[in-house]
Every structure is written in structure tokens, then in C-alpha cells.
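S.K.: Please find one structure pasted underneath; my questions will follow.
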Amino acid sequence: MLDSARSTLDMLPPARHTSAWRDLLDALAASHTEITGVLKRPACEGTSAEREQHAAVWPHLVFWAEHGSLAADLADASRLNQQPGTGLTAEERQMWTEMAQAAQRRRELDLIESWYAADGRLITLAYLVEGNTDTVIALVGDPDAPGWQVIGQFDNEYTASLALPRPVPPGVLRADSASRFNRPEAAPEQPLHDLLRDVIEARGAGEVSEALLSATRMGYAAGPMVQLAQLLDTVAEFSHALNTVQGRQIGARLETLGRQFAFLVREVHVAAEDLGATVAVLPPHRTPKSPRIRSRPALDTAPPAPPAHPASPARRL
């Protein structure tokens with residue numbers, strides 16, 4: 001499979017991702033050598049040597065579990081070959097591009113999905129809406145940046161998939177992120193609804209202060225408000241990594257919201273500390289209301305008799 005994947009890479013046009021894929025295939029080959037070495041020379045079962053061997057081979061197994069699908073995709077060269085083409089002439093491409101640009105200005109260009117082809121081009125399927133008619137078209141380039149062009153017009157999405165270049169595996173947000181197979185154990189967290197319940201049931205300011213401090217706690221066991229701020233920052237990073245006009249704009253918006261929310265978290269934390277310093281308690285006149293309890297009949301009490309219905313007059317036939 002690795003040899004087939006390398007052969008496919010040799011046939012692909014040069015692009016930013018092909019050299020990175022080649023490095024990844026080399027790393028997969030090195031991990032494959034380590035795995036097969038253990039399979040050929042396994043340590044004695046139940047010994048410390050076996051445990052050490054398993055611990056040493058585990059990262060290579062994880063690496064294959066995470067990225068072996070890329071080698072499988074590249075090994076299937078047929079799925080990455082260029083398709084027959086969309087059949088549009090240069091004049092027809094220009095005509096459809098102008099129509100699509102006009103529809104975009106009218107906000108009647110509905111995007112369906114996008115992917116990258118093997119040569120690095122960004123391809124997007126969209127509905128071109130004209131009155132009651134929806135036409136499937138394919139664009140090449142960023143739909144929100146100047147210079148994109150229509151490369152195909154189709155009756156439906158299925159026919160488009162047969163004519164357009166196939167998608168290549170998408171990238172990752174962080175090249176050095178932890179594997180889902182090696183994630184550290186999550187820190188215990190206190191849900192927001194528990195903190196809200198603690199506040200409602202609290203009697204003193206110190207208890208409420210602790211609830212707010214838990215929500216804004218930093219570090220390993222970060223509170224829910226801090227986690228939400230981290231989520232905003234990470235989504236902003238993802239939006240920028242899309243490398244599109246819309247992605248950068250949304251990323252900038254999320255960065256601004258993240259800064260505002262981080263300021264809010266700090267203010268809530270300070271307010272929690274100030275509330276705790278008041279050492280106040282709720283005044284005694286805030287007494288609970290007595291519950292509305294309906295009296296229940298005794299177990300040996302007979303249920304009331306149903307009301308008597310007046311006899312209906314006899315009907316004549």
C-alpha cells in the first residue's frame with residue numbers, strides 16, 4: 001500500500017501538500033517497520049519485557065490508526081485521477097461565471113460543499129438560483145475572493161461528482177495535536193446547572209462566591225466560563241486556518257468576541273472575590289413559602305358516589 005501511495009504521489013502535480021504527504025508516508029513506513037519487528041520477535045508473554053515492548057510499539061500503532069487512511073486513499077490512484085472534464089468551452093465558462101457573480105450579488109448563490117482537488121485547487125458546488133430554477137454549478141477558487149470561475153454546470157450533484165476532480169483528504173488544525181487514542185484523562189468538571197443550583201440553595205455570600213470562582217477557575221481543571229473562552233479562541237484559529245475570505249472574517253469576529261469574553265471572565269472572577277469578602281448572609285425575613293399540599297383521603301374512605309343521572313324519557317318507535 002505504501003509503495004502504491006508513493007507511485008500515486010509521483011503522478012500528482014506539484015502542490016503544497018504533496019511534499020508533506022511524502023514525509024507522512026515515510027513516517028508511516030518507519031512505524032510499519034517497528035510494528036512488524038515486534039510481530040516477528042515478540043517477547044515472552046506476561047513478562048516485563050513484553051510490557052516494555054507493548055509500550056514502545058503503542059505510539060506506532062496509534063500513528064497508523066490516525067493516518068493510515070491517507071496512505072489507503074493515495075494507494076487508490078483511480079480516485080485521484082483527473083476526471084473527464086465538465087465539457088464547457090471558454091465562452092460558456094465566462095457566461096456561467098458572469099451569471100453566478102450576478103446571483104452572488106443578489107444573494108442567490110447557495111453553496112453546497114467544497115473540497116480540494118489533488119492539484120491544490122479549491123472546488124465548490126453551488127446552486128445558482130434564477131426564479132424557480134436551481135442549477136448546480138462548480139466553482140474553482142474562493143467564492144468570496146476575486147478571481148473565482150465557474151468550471152461546470154450540471155443537472156444534479158451526482159452528475160457533478162462524476163465529472164469533477166475527486167476530493168483529497170482534508171488537513172488538520174494542529175499538526176502536533178494529541179491523538180484521540182492518547183488523550184489525557186479529562187479533569188473533573190462541575191456543570192453549570194450544578195453551580196446554578198448551588199447558588200439557588202445558598203444562604204451566605206461565601207457559597208455563591210465559591211460557585212462563581214469555580215466557573216472562572218483557570219488551569220488544568222478550568223471552569224466552564226474559562227472553557228468557553230478557550231473554545232472561542234480555538235474556533236477562531238480554525239476559521240483562520242480555512243484560508244478563505246469568509247474564514248478570516250469569521251475568525252476575526254471570534255477573536256474579538258474571545259477578547260471580550262476573556263475580559264468578562266476576569267470581571268466575574270473579581271466580582272466573586274468581592275462578594276466573598278462581604279461575609280454576608282441572606283436576611284431572615286426571606287423565609288420559604290409553605291408548600292401547597294392537598295389533603296388526601298384516608299385509605300379506608302370510600303370514594304364519593306357518582307351523581308345520579310335523570311332517567312331519559314322512553315323513545316317511541
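We name chains A, B, ... following the order of the C-alpha cells; residues begin at 1 in each chain, and ligands are numbered from 1 as shown.
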Residues of stretch 157-184 of chain A that approach stretch 112-120 of chain A to 9 Å or less, counting only C-alpha atoms: could you list each one with the shortest pair of atoms and its distance in Å to one decimal, rows by chain and increasing residue number, as a tab-separated table?

M.R.:
residue	atom	partner	partner_atom	distance
A:Leu164	CA	A:Ala117	CA	9.0
A:Pro165	CA	A:Ala117	CA	5.8
A:Arg166	CA	A:Ala117	CA	6.0
A:Pro167	CA	A:Ala117	CA	5.1
A:Val168	CA	A:Ala117	CA	5.8
A:Pro169	CA	A:Tyr116	CA	8.1
A:Pro170	CA	A:Tyr116	CA	7.5

S.K.: Can I get the residues of stretch 98-193 of chain A within 10 Å of stretch 241-246 of chain A, each with the closest pair of atoms and their distance in Å to one decimal, using only C-alpha atoms, sorted chain first then ascending number, as JSON lines?

M.R.:
{"residue": "A:Leu122", "atom": "CA", "partner": "A:Thr244", "partner_atom": "CA", "distance": 9.9}
{"residue": "A:Gly141", "atom": "CA", "partner": "A:Thr244", "partner_atom": "CA", "distance": 9.4}
{"residue": "A:Asp142", "atom": "CA", "partner": "A:Thr244", "partner_atom": "CA", "distance": 6.2}
{"residue": "A:Pro143", "atom": "CA", "partner": "A:Val245", "partner_atom": "CA", "distance": 8.4}
{"residue": "A:Asp144", "atom": "CA", "partner": "A:Val245", "partner_atom": "CA", "distance": 5.8}
{"residue": "A:Ala145", "atom": "CA", "partner": "A:Val245", "partner_atom": "CA", "distance": 6.2}
{"residue": "A:Pro146", "atom": "CA", "partner": "A:Val245", "partner_atom": "CA", "distance": 9.9}
{"residue": "A:Gly171", "atom": "CA", "partner": "A:Leu242", "partner_atom": "CA", "distance": 9.6}
{"residue": "A:Val172", "atom": "CA", "partner": "A:Ala241", "partner_atom": "CA", "distance": 9.2}
{"residue": "A:Leu173", "atom": "CA", "partner": "A:Ala241", "partner_atom": "CA", "distance": 6.9}
{"residue": "A:Arg174", "atom": "CA", "partner": "A:Ala241", "partner_atom": "CA", "distance": 9.5}

S.K.: Name the closest residue to A:Asp134 among the candidates A:Ala236, A:Val150, A:Thr159, A:Asp110; distances are taken between atoms, counting only C-alpha atoms.

M.R.: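 Under the stated criterion, the closest residue is A:Asp110.
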
S.K.: Write out as a list of chain:residue names which residues come within 8 Å of stretch 205-212 of chain A when counting only C-alpha atoms, dropping same-chain ones fewer than 5 positions away.

M.R.: A:Leu195, A:Leu196, A:Asp198, A:Val199, A:Val268, A:His269, A:Ala272, A:Glu273, A:Leu275, A:Gly276, A:Ala277, A:Thr278, A:Val279, A:Ala280, A:Val281, A:Leu282

S.K.: What does the file look like for those residues with N, CA, C and O atoms, as an mmCIF file, in the first residue's frame?

M.R.:
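Contents of the output file out_31.cif:
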data_model
loop_
_atom_site.group_PDB
_atom_site.id
_atom_site.type_symbol
_atom_site.label_atom_id
_atom_site.label_comp_id
_atom_site.auth_asym_id
_atom_site.auth_seq_id
_atom_site.Cartn_x
_atom_site.Cartn_y
_atom_site.Cartn_z
ATOM 1 N N LEU A 195 -23.723 24.483 39.418
ATOM 2 C CA LEU A 195 -23.358 25.756 40.042
ATOM 3 C C LEU A 195 -24.584 26.629 40.253
ATOM 4 O O LEU A 195 -24.713 27.314 41.284
ATOM 5 N N LEU A 196 -25.498 26.634 39.285
ATOM 6 C CA LEU A 196 -26.727 27.413 39.431
ATOM 7 C C LEU A 196 -27.555 26.896 40.598
ATOM 8 O O LEU A 196 -28.102 27.687 41.392
ATOM 9 N N ASP A 198 -26.373 25.384 43.218
ATOM 10 C CA ASP A 198 -25.680 25.773 44.452
ATOM 11 C C ASP A 198 -26.009 27.205 44.841
ATOM 12 O O ASP A 198 -26.167 27.514 46.031
ATOM 13 N N VAL A 199 -26.113 28.092 43.848
ATOM 14 C CA VAL A 199 -26.431 29.491 44.146
ATOM 15 C C VAL A 199 -27.855 29.610 44.682
ATOM 16 O O VAL A 199 -28.116 30.329 45.654
ATOM 17 N N VAL A 268 -15.905 38.772 36.252
ATOM 18 C CA VAL A 268 -16.718 37.885 37.088
ATOM 19 C C VAL A 268 -15.879 37.328 38.235
ATOM 20 O O VAL A 268 -16.345 37.223 39.380
ATOM 21 N N HIS A 269 -14.621 36.990 37.944
ATOM 22 C CA HIS A 269 -13.742 36.454 38.993
ATOM 23 C C HIS A 269 -13.508 37.498 40.091
ATOM 24 O O HIS A 269 -13.580 37.172 41.293
ATOM 25 N N ALA A 272 -16.595 37.852 42.119
ATOM 26 C CA ALA A 272 -16.752 36.726 43.040
ATOM 27 C C ALA A 272 -15.910 36.918 44.291
ATOM 28 O O ALA A 272 -16.367 36.635 45.410
ATOM 29 N N GLU A 273 -14.683 37.389 44.102
ATOM 30 C CA GLU A 273 -13.829 37.630 45.270
ATOM 31 C C GLU A 273 -14.418 38.730 46.154
ATOM 32 O O GLU A 273 -14.412 38.624 47.386
ATOM 33 N N LEU A 275 -17.574 39.532 46.380
ATOM 34 C CA LEU A 275 -18.775 39.018 47.035
ATOM 35 C C LEU A 275 -18.409 38.162 48.234
ATOM 36 O O LEU A 275 -19.042 38.248 49.295
ATOM 37 N N GLY A 276 -17.357 37.340 48.085
ATOM 38 C CA GLY A 276 -16.939 36.528 49.216
ATOM 39 C C GLY A 276 -16.429 37.361 50.380
ATOM 40 O O GLY A 276 -16.594 36.976 51.549
ATOM 41 N N ALA A 277 -15.819 38.512 50.075
ATOM 42 C CA ALA A 277 -15.280 39.362 51.138
ATOM 43 C C ALA A 277 -16.376 40.042 51.942
ATOM 44 O O ALA A 277 -16.110 40.553 53.035
ATOM 45 N N THR A 278 -17.606 40.063 51.443
ATOM 46 C CA THR A 278 -18.682 40.712 52.199
ATOM 47 C C THR A 278 -19.110 39.896 53.409
ATOM 48 O O THR A 278 -19.770 40.441 54.308
ATOM 49 N N VAL A 279 -18.793 38.603 53.435
ATOM 50 C CA VAL A 279 -19.194 37.683 54.512
ATOM 51 C C VAL A 279 -20.651 37.895 54.909
ATOM 52 O O VAL A 279 -21.011 37.827 56.086
ATOM 53 N N ALA A 280 -21.505 38.182 53.936
ATOM 54 C CA ALA A 280 -22.906 38.456 54.217
ATOM 55 C C ALA A 280 -23.737 37.190 54.074
ATOM 56 O O ALA A 280 -23.331 36.221 53.435
ATOM 57 N N VAL A 281 -24.909 37.232 54.718
ATOM 58 C CA VAL A 281 -25.872 36.129 54.609
ATOM 59 C C VAL A 281 -27.226 36.723 54.257
ATOM 60 O O VAL A 281 -27.465 37.931 54.405
ATOM 61 N N LEU A 282 -28.110 35.889 53.774
ATOM 62 C CA LEU A 282 -29.446 36.357 53.421
ATOM 63 C C LEU A 282 -30.216 36.733 54.685
ATOM 64 O O LEU A 282 -30.138 36.031 55.713
#

S.K.: I need the strand (DSSP E or B) residues of stretch 100-302 of chain A per DSSP on the backbone, written as a VMD selection string.

M.R.: chain A and resid 109 to 116 122 to 130 133 to 140 149 to 154 204 281

S.K.: Print the selection's residues with C-alpha atoms to a file, as a CSV table (one decimal), in the first residue's frame.

M.R.:
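out13.csv was written with the following content:
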chain,number,residue,atom,x,y,z
A,109,LEU,CA,-25.8,31.7,-4.9
A,110,ASP,CA,-26.3,28.9,-2.4
A,111,LEU,CA,-23.1,27.0,-1.6
A,112,ILE,CA,-23.5,23.2,-1.1
A,113,GLU,CA,-20.0,21.8,-0.3
A,114,SER,CA,-16.3,22.4,-1.1
A,115,TRP,CA,-13.2,20.3,-1.3
A,116,TYR,CA,-9.6,20.4,-2.5
A,122,LEU,CA,-10.4,24.6,-4.1
A,123,ILE,CA,-13.7,23.4,-5.8
A,124,THR,CA,-17.1,24.4,-4.5
A,125,LEU,CA,-20.5,23.2,-5.6
A,126,ALA,CA,-23.4,25.7,-5.5
A,127,TYR,CA,-27.0,26.2,-6.5
A,128,LEU,CA,-27.4,29.1,-9.0
A,129,VAL,CA,-30.9,30.3,-8.2
A,130,GLU,CA,-32.8,32.0,-11.0
A,133,THR,CA,-34.9,27.2,-11.2
A,134,ASP,CA,-31.9,25.9,-9.3
A,135,THR,CA,-28.9,25.0,-11.4
A,136,VAL,CA,-25.9,23.1,-10.0
A,137,ILE,CA,-22.6,24.7,-10.8
A,138,ALA,CA,-19.0,24.1,-9.8
A,139,LEU,CA,-16.6,27.0,-8.9
A,140,VAL,CA,-12.9,26.9,-8.7
A,149,GLN,CA,-14.6,31.0,-12.0
A,150,VAL,CA,-17.3,28.5,-12.9
A,151,ILE,CA,-15.8,25.4,-14.4
A,152,GLY,CA,-19.0,23.3,-14.8
A,153,GLN,CA,-22.8,23.2,-15.0
A,154,PHE,CA,-24.7,20.1,-14.2
A,204,GLY,CA,-24.4,33.0,52.5
A,281,VAL,CA,-25.9,36.1,54.6

S.K.: In terms of the shortest atom-to-atom distance over only C-alpha atoms, which of A:Leu74, A:Gln101, A:Ala56, A:Ala43 is closest to A:Thr8?

M.R.: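 Once distances to A:Thr8 are computed over only C-alpha atoms, the minimum belongs to A:Leu74.
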
S.K.: Compile the contact shell of A:Glu255 as a short mmCIF file (atom, residue, chain, number, x, y, z; two decimals) with N, CA, C and O atoms, in the first residue's frame: residues with an atom at most 10 Å away, counting only C-alpha atoms, same-chain residues fewer than 5 positions apart removed.

M.R.:
data_model
loop_
_atom_site.label_atom_id
_atom_site.label_comp_id
_atom_site.auth_asym_id
_atom_site.auth_seq_id
_atom_site.Cartn_x
_atom_site.Cartn_y
_atom_site.Cartn_z
N ALA A 229 -14.26 30.41 26.82
CA ALA A 229 -13.30 31.34 26.23
C ALA A 229 -12.26 30.59 25.39
O ALA A 229 -11.89 31.04 24.30
N LEU A 232 -13.84 29.59 22.07
CA LEU A 232 -13.90 30.69 21.11
C LEU A 232 -12.54 30.90 20.44
O LEU A 232 -12.45 31.09 19.21
N ASP A 233 -11.48 30.85 21.21
CA ASP A 233 -10.14 31.04 20.64
C ASP A 233 -9.79 29.92 19.66
O ASP A 233 -9.20 30.17 18.60
N THR A 234 -10.16 28.69 19.99
CA THR A 234 -9.83 27.56 19.13
C THR A 234 -10.63 27.60 17.83
O THR A 234 -10.11 27.31 16.75
N VAL A 235 -11.90 27.97 17.92
CA VAL A 235 -12.72 28.08 16.71
C VAL A 235 -12.22 29.23 15.84
O VAL A 235 -12.22 29.13 14.60
N ALA A 236 -11.75 30.31 16.45
CA ALA A 236 -11.16 31.40 15.67
C ALA A 236 -9.91 30.91 14.94
O ALA A 236 -9.69 31.25 13.76
N GLU A 237 -9.09 30.12 15.62
CA GLU A 237 -7.91 29.55 14.98
C GLU A 237 -8.31 28.67 13.80
O GLU A 237 -7.69 28.72 12.72
N GLN A 249 -12.62 36.42 8.00
CA GLN A 249 -13.54 37.39 8.59
C GLN A 249 -14.21 36.83 9.84
O GLN A 249 -14.30 37.51 10.87
N ILE A 250 -14.68 35.58 9.76
CA ILE A 250 -15.31 34.97 10.93
C ILE A 250 -14.28 34.77 12.04
O ILE A 250 -14.59 34.95 13.22
N GLN A 260 -13.37 39.91 24.37
CA GLN A 260 -14.43 40.46 25.22
C GLN A 260 -14.85 39.46 26.29
O GLN A 260 -15.07 39.84 27.46
N PHE A 261 -14.95 38.19 25.90
CA PHE A 261 -15.37 37.19 26.88
C PHE A 261 -14.29 36.96 27.93
O PHE A 261 -14.59 36.75 29.10
#
